[in-house]
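K.L.:
Here it is: the structure, laid out below.
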Amino acid sequence: MEPFQWVDLLVSVSLLISFYSLIRLYMVKRSLVDLYFGLSALILLIGYVGHMVGFHFNSLIMNWSKLVSVTFYISGLLVLIRESKPVFARFPLYLTALPFVSILFFPLVIDFTVIKDLVNGIYQGGALIVSILVLTVNNVNEIGRRYYIVGLTLVSVSFLTYWVIFNRDIPDKIWISEILFAAGILLVLFRFIKSNSVRKTT
């Protein structure tokens, strides 16, 4: 295999683990958070597998998978925020599906590299900032919060290096960002699964 295929394989394995773990958690808890996050991992996994095996239109598949995946992830964050509030203060559940409206506009930007990258970067950056706030601030008293901090730091470095350095200037080094991303999501996933398992048993 080519070097980029090994990186795609590594990221694909981390996404497969994420999807499997989150869907298992969903089957136990029936929480939309786990379902949205699990589907987000699955959709991104499809993009990486398509890129790795060289599917026809693999770039188009990857672009769509990134955009749709981050949309599912944002919806999952909205559910997580909703569930962190007292019952009387929760917004209606259907509002967590609002990000899916943006999928209707993706065909208008998918063929324009600059606009597509701008939309993708804004979505990913927004999702990352909200993740940092929700997963670290809301769990400030948890002992295992360091896993969130380290994992989200790796994802943040991956995001910054990808969009600021590698995407335009050094595309052959994008694998560094992808490896950091894979390691970061596994650390965050480990703590997320453990936290939710503890809550389920208490």
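To be explicit about the labels: the chains of the structure tokens are called A, B, and onward in the order shown, and within each one the residues are counted from 1, while ligands get numbers from 1 in the order they are shown.
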List the neighbours of Tyr123 of chain A out to 12 Å using only C-alpha atoms; skip same-chain residues closer than 6 positions along the sequence, and give me the result as a PyMOL selection string.

P.N.:
chain A and resi 66-75+99+102+116-117+129-130+159

K.L.:
Do you have, as JSON lines, the list of residues of segment 118-188 of chain A lying at most 9 Å from segment 14-31 of chain A, each with its nearest atom pair and that distance in Å to one decimal, counting only C-alpha atoms and ordered by chain then number?

P.N.:
{"residue": "A:Ala182", "atom": "CA", "partner": "A:Ser14", "partner_atom": "CA", "distance": 5.9}
{"residue": "A:Ala183", "atom": "CA", "partner": "A:Ser14", "partner_atom": "CA", "distance": 7.8}
{"residue": "A:Ile185", "atom": "CA", "partner": "A:Ser14", "partner_atom": "CA", "distance": 7.7}
{"residue": "A:Leu186", "atom": "CA", "partner": "A:Ser14", "partner_atom": "CA", "distance": 6.5}

K.L.:
Within 12 Å of Thr161 of chain A, counting only C-alpha atoms, which residues qualify if same-chain residues fewer than 6 places away don't, as a list in words?

P.N.:
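Result of the neighbour search: Leu154, Val155, Asn167, Arg168, Asp169, Ile170, Pro171, Lys173, Ile174, Trp175, Ile176, Ser177, Glu178, Ile179, Leu180 and Phe181 of chain A.
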
K.L.:
From the set A:Val13, A:Asp172, A:Ser131, A:Arg145, which residue has the shortest atom-to-atom contact distance to Ser195 of chain A, counting only C-alpha atoms?

P.N.:
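That would be A:Arg145, the residue with the smallest distance to Ser195 of chain A.
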
K.L.:
Contacts of Ile132 of chain A at 9 Å or less, counting only C-alpha atoms, minus same-chain residues fewer than 2 places along, as a ChimeraX atom specification?

P.N.:
/A:127-130,134-137,148-149,152-153

K.L.:
Write the residues of the selection above to a file with N, CA, C and O atoms, as a PDB file, in the first residue's frame.

P.N.:
ATOM      1  N   ALA A 127     -17.519  23.242  15.834  1.00  0.00           N
ATOM      2  CA  ALA A 127     -17.756  21.991  16.564  1.00  0.00           C
ATOM      3  C   ALA A 127     -16.656  21.738  17.588  1.00  0.00           C
ATOM      4  O   ALA A 127     -16.915  21.273  18.705  1.00  0.00           O
ATOM      5  N   LEU A 128     -15.418  22.073  17.226  1.00  0.00           N
ATOM      6  CA  LEU A 128     -14.295  21.875  18.143  1.00  0.00           C
ATOM      7  C   LEU A 128     -14.405  22.795  19.357  1.00  0.00           C
ATOM      8  O   LEU A 128     -14.209  22.353  20.500  1.00  0.00           O
ATOM      9  N   ILE A 129     -14.723  24.061  19.129  1.00  0.00           N
ATOM     10  CA  ILE A 129     -14.852  25.009  20.247  1.00  0.00           C
ATOM     11  C   ILE A 129     -15.961  24.585  21.203  1.00  0.00           C
ATOM     12  O   ILE A 129     -15.787  24.590  22.428  1.00  0.00           O
ATOM     13  N   VAL A 130     -17.109  24.201  20.639  1.00  0.00           N
ATOM     14  CA  VAL A 130     -18.223  23.760  21.487  1.00  0.00           C
ATOM     15  C   VAL A 130     -17.848  22.480  22.237  1.00  0.00           C
ATOM     16  O   VAL A 130     -18.192  22.321  23.413  1.00  0.00           O
ATOM     17  N   VAL A 134     -18.091  22.109  26.206  1.00  0.00           N
ATOM     18  CA  VAL A 134     -19.036  21.154  26.783  1.00  0.00           C
ATOM     19  C   VAL A 134     -18.326  20.029  27.530  1.00  0.00           C
ATOM     20  O   VAL A 134     -18.693  19.685  28.662  1.00  0.00           O
ATOM     21  N   LEU A 135     -17.304  19.455  26.916  1.00  0.00           N
ATOM     22  CA  LEU A 135     -16.677  18.267  27.499  1.00  0.00           C
ATOM     23  C   LEU A 135     -15.698  18.579  28.630  1.00  0.00           C
ATOM     24  O   LEU A 135     -15.442  17.723  29.473  1.00  0.00           O
ATOM     25  N   THR A 136     -15.139  19.781  28.651  1.00  0.00           N
ATOM     26  CA  THR A 136     -14.202  20.108  29.733  1.00  0.00           C
ATOM     27  C   THR A 136     -14.855  20.927  30.843  1.00  0.00           C
ATOM     28  O   THR A 136     -14.690  20.630  32.015  1.00  0.00           O
ATOM     29  N   VAL A 137     -15.606  21.970  30.465  1.00  0.00           N
ATOM     30  CA  VAL A 137     -16.238  22.819  31.473  1.00  0.00           C
ATOM     31  C   VAL A 137     -17.321  22.057  32.230  1.00  0.00           C
ATOM     32  O   VAL A 137     -17.410  22.122  33.459  1.00  0.00           O
ATOM     33  N   TYR A 148     -10.105  14.121  28.281  1.00  0.00           N
ATOM     34  CA  TYR A 148     -10.764  15.085  27.404  1.00  0.00           C
ATOM     35  C   TYR A 148      -9.778  16.181  26.988  1.00  0.00           C
ATOM     36  O   TYR A 148      -9.711  16.561  25.816  1.00  0.00           O
ATOM     37  N   ILE A 149      -9.030  16.695  27.961  1.00  0.00           N
ATOM     38  CA  ILE A 149      -8.112  17.801  27.692  1.00  0.00           C
ATOM     39  C   ILE A 149      -7.028  17.379  26.695  1.00  0.00           C
ATOM     40  O   ILE A 149      -6.765  18.079  25.710  1.00  0.00           O
ATOM     41  N   LEU A 152      -8.726  16.496  23.194  1.00  0.00           N
ATOM     42  CA  LEU A 152      -9.167  17.693  22.479  1.00  0.00           C
ATOM     43  C   LEU A 152      -7.990  18.587  22.087  1.00  0.00           C
ATOM     44  O   LEU A 152      -8.051  19.291  21.078  1.00  0.00           O
ATOM     45  N   THR A 153      -6.914  18.547  22.862  1.00  0.00           N
ATOM     46  CA  THR A 153      -5.704  19.278  22.473  1.00  0.00           C
ATOM     47  C   THR A 153      -5.121  18.696  21.194  1.00  0.00           C
ATOM     48  O   THR A 153      -4.730  19.433  20.276  1.00  0.00           O
TER      49      THR A 153
END

K.L.:
Enter the distance from atom CA of Ser12 of chain A to atom CA of Tyr48 of chain A, in Å, rounded to one decimal.

P.N.:
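Taking atom CA of Ser12 of chain A as the start and atom CA of Tyr48 of chain A as the end point, the length is 6.1 Å.
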
K.L.:
Just want the 12 Å neighbourhood of Glu2 of chain A, counted on only C-alpha atoms, with same-chain residues fewer than 3 positions away dropped. Output as a list of chain:residue names.

P.N.:
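Skipping anything fewer than 3 positions along the chain leaves A:Gln5, A:Trp6, A:Val7, A:Asp8, A:Leu9, A:His51, A:Met52, A:Val53, A:Gly54.
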
K.L.:
Could you tell me, as number ranges by chain, which residues of segment 92-193 of chain A DSSP assigns to alpha helix (DSSP H) when given the backbone?

P.N.:
A: 106-109, 113-132, 145-160, 174-193

K.L.:
With distances taken over only C-alpha atoms, which of A:Phe192, A:Phe88, A:Phe37, A:Phe106 is nearest to Asn120 of chain A?

P.N.:
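Selected residue with least distance to Asn120 of chain A: A:Phe106.
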
K.L.:
Let me make sure I understand: among A:Leu80, A:Leu10, A:Val49, A:Ile110, which one has the smallest atom-to-atom distance to Tyr36 of chain A if we use only C-alpha atoms?

P.N.:
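Checking each candidate against Tyr36 of chain A, we get A:Leu80 as the closest.
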
K.L.:
Determine the nearest neighbour of Tyr94 of chain A from the options A:Val164, A:Leu32, A:Val188, A:Leu60, counting only C-alpha atoms.

P.N.:
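Nearest candidate to Tyr94 of chain A out of A:Val164, A:Leu32, A:Val188, A:Leu60: A:Leu32.
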
K.L.:
If you measure from atom CA of Leu35 of chain A to atom CA of Gly76 of chain A, what distance in Å do you get, rounded to one decimal?

P.N.:
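Taking atom CA of Leu35 of chain A and atom CA of Gly76 of chain A, their separation equals 7.9 Å.
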